[in-house]
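Colleague: Structure supplied as entry.cif; contents: mmCIF, N, CA, C and O atoms.
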```cif
data_query
#
loop_
_atom_site.label_atom_id
_atom_site.label_comp_id
_atom_site.auth_asym_id
_atom_site.auth_seq_id
_atom_site.Cartn_x
_atom_site.Cartn_y
_atom_site.Cartn_z
N MET A 1 -29.97 -13.36 -16.39
CA MET A 1 -30.21 -12.33 -15.40
C MET A 1 -29.63 -12.72 -14.04
O MET A 1 -29.09 -11.91 -13.33
N GLY A 2 -29.75 -14.02 -13.69
CA GLY A 2 -29.26 -14.49 -12.41
C GLY A 2 -27.74 -14.42 -12.30
O GLY A 2 -27.20 -14.10 -11.25
N SER A 3 -27.04 -14.73 -13.38
CA SER A 3 -25.58 -14.68 -13.34
C SER A 3 -25.08 -13.24 -13.23
O SER A 3 -24.06 -12.99 -12.57
N PHE A 4 -25.80 -12.30 -13.84
CA PHE A 4 -25.43 -10.89 -13.72
C PHE A 4 -25.56 -10.42 -12.28
O PHE A 4 -24.68 -9.74 -11.74
N LEU A 5 -26.64 -10.82 -11.62
CA LEU A 5 -26.86 -10.44 -10.23
C LEU A 5 -25.81 -11.06 -9.33
O LEU A 5 -25.25 -10.39 -8.44
N LYS A 6 -25.51 -12.32 -9.56
CA LYS A 6 -24.49 -13.01 -8.76
C LYS A 6 -23.12 -12.35 -8.94
O LYS A 6 -22.41 -12.11 -7.97
N GLU A 7 -22.78 -12.04 -10.19
CA GLU A 7 -21.50 -11.39 -10.47
C GLU A 7 -21.43 -10.01 -9.83
O GLU A 7 -20.41 -9.63 -9.27
N SER A 8 -22.51 -9.27 -9.86
CA SER A 8 -22.55 -7.94 -9.24
C SER A 8 -22.39 -8.03 -7.73
O SER A 8 -21.67 -7.23 -7.13
N LEU A 9 -23.05 -9.00 -7.12
CA LEU A 9 -22.93 -9.17 -5.66
C LEU A 9 -21.52 -9.58 -5.26
O LEU A 9 -20.99 -9.08 -4.26
N VAL A 10 -20.91 -10.47 -6.01
CA VAL A 10 -19.53 -10.88 -5.71
C VAL A 10 -18.58 -9.71 -5.87
O VAL A 10 -17.68 -9.50 -5.05
N GLU A 11 -18.78 -8.91 -6.92
CA GLU A 11 -17.93 -7.75 -7.13
C GLU A 11 -18.11 -6.72 -6.00
O GLU A 11 -17.15 -6.16 -5.49
N PHE A 12 -19.35 -6.50 -5.60
CA PHE A 12 -19.63 -5.57 -4.51
C PHE A 12 -19.00 -6.06 -3.20
O PHE A 12 -18.39 -5.29 -2.47
N ALA A 13 -19.13 -7.36 -2.92
CA ALA A 13 -18.54 -7.92 -1.70
C ALA A 13 -17.02 -7.80 -1.74
O ALA A 13 -16.39 -7.48 -0.72
N GLY A 14 -16.41 -8.03 -2.89
CA GLY A 14 -14.97 -7.87 -3.02
C GLY A 14 -14.53 -6.45 -2.77
O GLY A 14 -13.51 -6.21 -2.10
N GLU A 15 -15.27 -5.49 -3.30
CA GLU A 15 -14.95 -4.07 -3.07
C GLU A 15 -15.03 -3.73 -1.58
O GLU A 15 -14.17 -3.04 -1.04
N VAL A 16 -16.06 -4.22 -0.92
CA VAL A 16 -16.23 -3.94 0.51
C VAL A 16 -15.08 -4.55 1.31
O VAL A 16 -14.51 -3.89 2.19
N VAL A 17 -14.72 -5.78 0.99
CA VAL A 17 -13.63 -6.44 1.70
C VAL A 17 -12.32 -5.68 1.50
O VAL A 17 -11.56 -5.45 2.45
N LEU A 18 -12.03 -5.27 0.27
CA LEU A 18 -10.80 -4.51 0.00
C LEU A 18 -10.79 -3.18 0.73
O LEU A 18 -9.76 -2.77 1.27
N LYS A 19 -11.92 -2.50 0.77
CA LYS A 19 -11.97 -1.21 1.47
C LYS A 19 -11.77 -1.40 2.97
O LYS A 19 -11.08 -0.60 3.62
N VAL A 20 -12.37 -2.43 3.53
CA VAL A 20 -12.21 -2.69 4.97
C VAL A 20 -10.75 -3.02 5.28
O VAL A 20 -10.17 -2.49 6.24
N ILE A 21 -10.14 -3.87 4.47
CA ILE A 21 -8.73 -4.21 4.69
C ILE A 21 -7.84 -2.98 4.56
O ILE A 21 -6.95 -2.75 5.38
N ALA A 22 -8.09 -2.16 3.55
CA ALA A 22 -7.29 -0.96 3.35
C ALA A 22 -7.44 0.00 4.53
O ALA A 22 -6.45 0.55 5.02
N CYS A 23 -8.67 0.18 5.01
CA CYS A 23 -8.88 1.07 6.16
C CYS A 23 -8.21 0.52 7.41
O CYS A 23 -7.64 1.27 8.19
N LEU A 24 -8.28 -0.78 7.62
CA LEU A 24 -7.63 -1.38 8.77
C LEU A 24 -6.11 -1.26 8.69
O LEU A 24 -5.45 -0.98 9.71
N VAL A 25 -5.54 -1.43 7.51
CA VAL A 25 -4.10 -1.28 7.36
C VAL A 25 -3.68 0.16 7.63
O VAL A 25 -2.72 0.41 8.37
N VAL A 26 -4.38 1.12 7.05
CA VAL A 26 -4.04 2.53 7.26
C VAL A 26 -4.22 2.91 8.73
O VAL A 26 -3.37 3.57 9.32
N GLY A 27 -5.33 2.48 9.32
CA GLY A 27 -5.55 2.76 10.75
C GLY A 27 -4.51 2.11 11.63
O GLY A 27 -4.02 2.72 12.60
N GLY A 28 -4.14 0.88 11.31
CA GLY A 28 -3.10 0.18 12.08
C GLY A 28 -1.76 0.88 11.97
O GLY A 28 -1.03 1.02 12.96
N LEU A 29 -1.42 1.33 10.77
CA LEU A 29 -0.16 2.06 10.61
C LEU A 29 -0.16 3.37 11.39
O LEU A 29 0.85 3.76 11.97
N ALA A 30 -1.29 4.04 11.41
CA ALA A 30 -1.40 5.29 12.18
C ALA A 30 -1.23 5.01 13.67
O ALA A 30 -0.52 5.74 14.37
N LEU A 31 -1.86 3.95 14.16
CA LEU A 31 -1.72 3.60 15.58
C LEU A 31 -0.29 3.21 15.93
O LEU A 31 0.23 3.59 16.98
N VAL A 32 0.35 2.43 15.06
CA VAL A 32 1.75 2.06 15.29
C VAL A 32 2.63 3.29 15.30
O VAL A 32 3.54 3.42 16.13
N PHE A 33 2.37 4.23 14.41
CA PHE A 33 3.17 5.46 14.38
C PHE A 33 3.00 6.26 15.66
O PHE A 33 3.98 6.72 16.25
N VAL A 34 1.75 6.42 16.12
CA VAL A 34 1.51 7.18 17.35
C VAL A 34 2.15 6.48 18.55
O VAL A 34 2.79 7.11 19.39
N TRP A 35 1.99 5.16 18.63
CA TRP A 35 2.59 4.40 19.73
C TRP A 35 4.11 4.53 19.69
O TRP A 35 4.75 4.75 20.71
N GLY A 36 4.71 4.40 18.49
CA GLY A 36 6.15 4.51 18.36
C GLY A 36 6.65 5.91 18.67
O GLY A 36 7.71 6.08 19.28
N TRP A 37 5.87 6.92 18.30
CA TRP A 37 6.28 8.30 18.57
C TRP A 37 6.31 8.56 20.07
O TRP A 37 7.17 9.29 20.56
N ASP A 38 5.39 7.96 20.82
CA ASP A 38 5.40 8.08 22.28
C ASP A 38 6.62 7.41 22.89
O ASP A 38 7.15 7.88 23.89
N ARG A 39 7.05 6.30 22.31
CA ARG A 39 8.20 5.56 22.84
C ARG A 39 9.51 6.24 22.46
O ARG A 39 10.36 6.46 23.31
N SER A 40 9.71 6.49 21.17
CA SER A 40 10.96 7.08 20.70
C SER A 40 10.73 7.81 19.38
O SER A 40 10.66 7.17 18.33
N PRO A 41 10.62 9.13 19.42
CA PRO A 41 10.40 9.88 18.19
C PRO A 41 11.53 9.71 17.17
O PRO A 41 11.27 9.66 15.96
N LEU A 42 12.75 9.58 17.63
CA LEU A 42 13.89 9.45 16.72
C LEU A 42 13.82 8.14 15.92
O LEU A 42 13.96 8.13 14.70
N VAL A 43 13.55 7.05 16.61
CA VAL A 43 13.46 5.75 15.93
C VAL A 43 12.25 5.71 15.01
O VAL A 43 12.32 5.22 13.88
N THR A 44 11.13 6.25 15.47
CA THR A 44 9.92 6.26 14.65
C THR A 44 10.11 7.11 13.39
O THR A 44 9.74 6.70 12.29
N GLY A 45 10.69 8.28 13.55
CA GLY A 45 10.95 9.14 12.39
C GLY A 45 11.94 8.51 11.43
O GLY A 45 11.76 8.57 10.21
N GLY A 46 12.97 7.89 11.98
CA GLY A 46 13.96 7.23 11.12
C GLY A 46 13.37 6.06 10.37
O GLY A 46 13.63 5.86 9.17
N THR A 47 12.55 5.26 11.04
CA THR A 47 11.90 4.12 10.39
C THR A 47 10.92 4.60 9.33
O THR A 47 10.86 4.04 8.22
N GLY A 48 10.14 5.63 9.64
CA GLY A 48 9.21 6.18 8.66
C GLY A 48 9.93 6.75 7.45
O GLY A 48 9.51 6.56 6.31
N GLY A 49 11.04 7.44 7.70
CA GLY A 49 11.83 7.99 6.60
C GLY A 49 12.43 6.89 5.73
O GLY A 49 12.43 6.99 4.50
N ALA A 50 12.93 5.83 6.37
CA ALA A 50 13.49 4.71 5.61
C ALA A 50 12.41 4.03 4.78
O ALA A 50 12.66 3.64 3.63
N LEU A 51 11.21 3.90 5.33
CA LEU A 51 10.11 3.29 4.58
C LEU A 51 9.74 4.16 3.38
O LEU A 51 9.50 3.64 2.28
N LEU A 52 9.71 5.47 3.56
CA LEU A 52 9.41 6.37 2.44
C LEU A 52 10.48 6.30 1.35
O LEU A 52 10.17 6.32 0.16
N VAL A 53 11.75 6.21 1.75
CA VAL A 53 12.83 6.08 0.77
C VAL A 53 12.69 4.76 0.01
O VAL A 53 12.85 4.71 -1.21
N PHE A 54 12.37 3.67 0.73
CA PHE A 54 12.19 2.37 0.11
C PHE A 54 11.02 2.39 -0.88
O PHE A 54 11.12 1.86 -1.99
N LEU A 55 9.90 3.03 -0.49
CA LEU A 55 8.76 3.15 -1.39
C LEU A 55 9.10 4.01 -2.60
O LEU A 55 8.68 3.73 -3.72
N GLY A 56 9.86 5.08 -2.39
CA GLY A 56 10.29 5.92 -3.50
C GLY A 56 11.19 5.16 -4.47
O GLY A 56 11.05 5.30 -5.69
N TYR A 57 12.07 4.34 -3.94
CA TYR A 57 12.92 3.50 -4.78
C TYR A 57 12.08 2.51 -5.58
O TYR A 57 12.32 2.30 -6.78
N GLY A 58 11.06 1.94 -4.94
CA GLY A 58 10.17 1.03 -5.65
C GLY A 58 9.40 1.72 -6.76
O GLY A 58 9.24 1.17 -7.85
N GLY A 59 8.93 2.94 -6.49
CA GLY A 59 8.24 3.71 -7.53
C GLY A 59 9.17 4.04 -8.68
O GLY A 59 8.77 3.97 -9.85
N TRP A 60 10.41 4.37 -8.37
CA TRP A 60 11.37 4.67 -9.42
C TRP A 60 11.65 3.43 -10.27
O TRP A 60 11.76 3.50 -11.49
N GLU A 61 11.76 2.28 -9.63
CA GLU A 61 12.01 1.05 -10.36
C GLU A 61 10.85 0.70 -11.30
O GLU A 61 11.06 0.06 -12.33
N LEU A 62 9.65 1.09 -10.94
CA LEU A 62 8.50 0.80 -11.80
C LEU A 62 8.46 1.68 -13.04
O LEU A 62 7.96 1.25 -14.08
N VAL A 63 8.96 2.91 -12.96
CA VAL A 63 8.83 3.83 -14.09
C VAL A 63 10.09 3.99 -14.93
O VAL A 63 10.01 4.49 -16.04
N ARG A 64 11.23 3.55 -14.43
CA ARG A 64 12.45 3.75 -15.21
C ARG A 64 12.54 2.73 -16.33
O ARG A 64 11.95 1.64 -16.26
N PRO A 65 13.29 3.05 -17.38
CA PRO A 65 13.44 2.10 -18.49
C PRO A 65 14.14 0.82 -18.02
O PRO A 65 15.10 0.87 -17.27
N VAL A 66 13.64 -0.30 -18.47
CA VAL A 66 14.17 -1.60 -18.05
C VAL A 66 15.35 -1.97 -18.93
O VAL A 66 15.29 -1.88 -20.15
N ARG A 67 16.43 -2.38 -18.28
CA ARG A 67 17.59 -2.90 -18.99
C ARG A 67 17.72 -4.37 -18.62
O ARG A 67 17.63 -4.71 -17.44
N PRO A 68 17.92 -5.23 -19.58
CA PRO A 68 17.98 -6.67 -19.30
C PRO A 68 19.06 -7.03 -18.28
O PRO A 68 20.19 -6.54 -18.35
N GLY A 69 18.66 -7.84 -17.31
CA GLY A 69 19.61 -8.33 -16.33
C GLY A 69 20.02 -7.34 -15.27
O GLY A 69 20.94 -7.60 -14.50
N ARG A 70 19.36 -6.20 -15.19
CA ARG A 70 19.79 -5.18 -14.25
C ARG A 70 18.99 -5.16 -12.96
O ARG A 70 19.51 -4.79 -11.91
N ARG A 71 17.74 -5.58 -13.00
CA ARG A 71 16.89 -5.50 -11.81
C ARG A 71 17.21 -6.65 -10.86
O ARG A 71 17.16 -7.80 -11.21
N GLY A 72 17.52 -6.30 -9.61
CA GLY A 72 17.83 -7.31 -8.61
C GLY A 72 16.64 -7.62 -7.74
O GLY A 72 15.53 -7.15 -7.97
N ARG A 73 16.88 -8.43 -6.72
CA ARG A 73 15.80 -8.81 -5.80
C ARG A 73 15.26 -7.62 -5.03
O ARG A 73 14.07 -7.50 -4.84
N LEU A 74 16.17 -6.77 -4.54
CA LEU A 74 15.74 -5.61 -3.76
C LEU A 74 14.85 -4.70 -4.61
O LEU A 74 13.83 -4.20 -4.12
N ALA A 75 15.22 -4.51 -5.85
CA ALA A 75 14.41 -3.66 -6.73
C ALA A 75 13.05 -4.28 -6.96
O ALA A 75 12.03 -3.58 -6.97
N GLY A 76 12.98 -5.59 -7.13
CA GLY A 76 11.70 -6.27 -7.31
C GLY A 76 10.82 -6.17 -6.09
O GLY A 76 9.61 -5.92 -6.19
N VAL A 77 11.42 -6.37 -4.91
CA VAL A 77 10.65 -6.27 -3.67
C VAL A 77 10.18 -4.83 -3.45
O VAL A 77 9.04 -4.59 -3.04
N ALA A 78 11.03 -3.86 -3.73
CA ALA A 78 10.66 -2.45 -3.57
C ALA A 78 9.53 -2.08 -4.52
O ALA A 78 8.58 -1.39 -4.13
N ALA A 79 9.60 -2.55 -5.75
CA ALA A 79 8.55 -2.25 -6.73
C ALA A 79 7.23 -2.90 -6.32
O ALA A 79 6.16 -2.28 -6.42
N ALA A 80 7.28 -4.15 -5.84
CA ALA A 80 6.06 -4.83 -5.40
C ALA A 80 5.48 -4.14 -4.17
O ALA A 80 4.26 -3.96 -4.06
N THR A 81 6.33 -3.72 -3.24
CA THR A 81 5.87 -3.02 -2.05
C THR A 81 5.22 -1.70 -2.42
O THR A 81 4.17 -1.33 -1.87
N PHE A 82 5.80 -0.99 -3.36
CA PHE A 82 5.22 0.27 -3.81
C PHE A 82 3.85 0.04 -4.45
O PHE A 82 2.91 0.78 -4.20
N ALA A 83 3.75 -1.00 -5.27
CA ALA A 83 2.48 -1.29 -5.95
C ALA A 83 1.39 -1.64 -4.94
O ALA A 83 0.26 -1.15 -5.04
N VAL A 84 1.72 -2.46 -3.95
CA VAL A 84 0.73 -2.82 -2.92
C VAL A 84 0.35 -1.60 -2.10
O VAL A 84 -0.83 -1.38 -1.80
N ALA A 85 1.34 -0.78 -1.72
CA ALA A 85 1.05 0.42 -0.94
C ALA A 85 0.18 1.39 -1.74
O ALA A 85 -0.77 1.97 -1.19
N ALA A 86 0.46 1.56 -3.01
CA ALA A 86 -0.36 2.44 -3.84
C ALA A 86 -1.79 1.92 -3.96
O ALA A 86 -2.76 2.69 -3.93
N PHE A 87 -1.92 0.61 -4.09
CA PHE A 87 -3.24 -0.02 -4.16
C PHE A 87 -4.02 0.23 -2.88
O PHE A 87 -5.19 0.62 -2.91
N PHE A 88 -3.39 0.02 -1.72
CA PHE A 88 -4.07 0.24 -0.44
C PHE A 88 -4.41 1.72 -0.24
O PHE A 88 -5.47 2.05 0.28
N VAL A 89 -3.52 2.60 -0.62
CA VAL A 89 -3.81 4.03 -0.48
C VAL A 89 -4.99 4.43 -1.35
O VAL A 89 -5.85 5.20 -0.93
N ALA A 90 -5.05 3.89 -2.56
CA ALA A 90 -6.18 4.20 -3.45
C ALA A 90 -7.51 3.75 -2.83
O ALA A 90 -8.50 4.47 -2.89
N TYR A 91 -7.52 2.58 -2.24
CA TYR A 91 -8.76 2.10 -1.61
C TYR A 91 -9.05 2.83 -0.30
O TYR A 91 -10.20 3.14 0.00
N ALA A 92 -8.03 3.10 0.49
CA ALA A 92 -8.25 3.80 1.76
C ALA A 92 -8.71 5.23 1.52
O ALA A 92 -9.46 5.78 2.32
N TRP A 93 -8.26 5.84 0.43
CA TRP A 93 -8.66 7.20 0.09
C TRP A 93 -10.18 7.29 -0.12
O TRP A 93 -10.80 8.27 0.23
N SER A 94 -10.76 6.23 -0.67
CA SER A 94 -12.18 6.25 -1.00
C SER A 94 -13.07 5.64 0.07
O SER A 94 -14.27 5.59 -0.10
N CYS A 95 -12.51 5.18 1.19
CA CYS A 95 -13.32 4.46 2.17
C CYS A 95 -13.95 5.39 3.21
O CYS A 95 -14.76 4.95 4.01
N LYS A 96 -13.58 6.64 3.24
CA LYS A 96 -14.14 7.61 4.18
C LYS A 96 -13.99 7.16 5.64
O LYS A 96 -14.86 7.34 6.45
N CYS A 97 -12.83 6.54 5.94
CA CYS A 97 -12.64 6.04 7.31
C CYS A 97 -11.83 7.01 8.15
O CYS A 97 -11.60 6.78 9.32
N SER A 98 -11.35 8.10 7.59
CA SER A 98 -10.56 9.04 8.37
C SER A 98 -11.42 10.11 8.98
O SER A 98 -12.53 10.36 8.64
#
```
Give the structure from this file in structure tokens form.

Modeller:
Amino acid sequence: MGSFLKESLVEFAGEVVLKVIACLVVGGLALVFVWGWDRSPLVTGGTGGALLVFLGYGGWELVRPVRPGRRGRLAGVAAATFAVAAFFVAYAWSCKCS
């Protein structure tokens, strides 16, 4: 019984930590976007668009059929970035911080 309680508490604490980190990341990105938009809307929009294209490329790399020896470093980094971003969005969506 004690190990079940300990495991439940550790899992609950991990969930809370992940939700707090996800909310802080999303909030920080929103603040950076607003600050950047005040400084230069063109640069902020261009950077945001480039980030969306990079994330889209990473998502495409995750779902397309794999051919041996074809995936490069950029594709791996894009796929990992997409996976982390999707993970944070999933947690931030459920944190009710907006």

Colleague: Counting only N, CA, C and O atoms, which residue out of A:Pro65, A:Gly49, A:Gly28, A:Gly56 sits closest to Ala78 in chain A?

Modeller: A:Gly56

Colleague: Would you mind reading off the distance between CA of Ala80 in chain A and CA of Val66 in chain A, one decimal, in Å?

Modeller: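 These two atoms are separated by 15.4 Å.
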
Colleague: When you count all atoms listed in the file, which of these residues is closest to Leu55 in chain A: A:Val16, A:Val10, A:Trp37, A:Val77?

Modeller: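 The shortest atom-to-atom distance to Leu55 in chain A comes from A:Val77.
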
Colleague: Restricting the calculation to only N, CA, C and O atoms, which member of A:Leu74, A:Ala22, A:Val17, A:Leu52 is positioned closest to Phe87 in chain A?

Modeller: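 Closest to Phe87 in chain A of all the choices is A:Ala22.
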
Colleague: Atom O of Gly58 in chain A to atom C of Ser40 in chain A: how many Å, to one decimal?

Modeller: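 Result for atom O of Gly58 in chain A versus atom C of Ser40 in chain A: 28.1 Å, one decimal.
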
Colleague: Hey, can you check how far CA of Gly36 in chain A sits from CA of Ala92 in chain A?

Modeller: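 CA of Gly36 in chain A sits 22.0 Å away from CA of Ala92 in chain A.
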
Colleague: Can you work out which one of A:Val34, A:Gly76, A:Val26, A:Val20 has the shortest atom-to-atom distance to Glu61 in chain A, counting all atoms listed in the file?

Modeller: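 Ranking A:Val34, A:Gly76, A:Val26, A:Val20 by distance to Glu61 in chain A, first place goes to A:Gly76.
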
Colleague: What lies within 10 Å of Trp60 in chain A using only C-alpha atoms, ignoring chain neighbours under 6 positions off, as JSON, numbers by chain?

Modeller: {"A": [54, 75, 78, 79, 82]}

Colleague: Where's the centre, and what are the edge lengths in Å to one decimal, of a box along x, y and z enclosing all listed atoms of range 72-86 of chain A padded 3 Å per side, as AutoDock Vina command-line options?

Modeller:
```
--center_x 7.5 --center_y -3.1 --center_z -5.3 --size_x 26.6 --size_y 17.5 --size_z 14.7
```

Colleague: Taking the backbone alone, and naming residues the way the document does, which bits of chain A are alpha helix (DSSP H) by DSSP, as a PyMOL selection string?

Modeller: chain A and resi 2-39+41-63+73-93
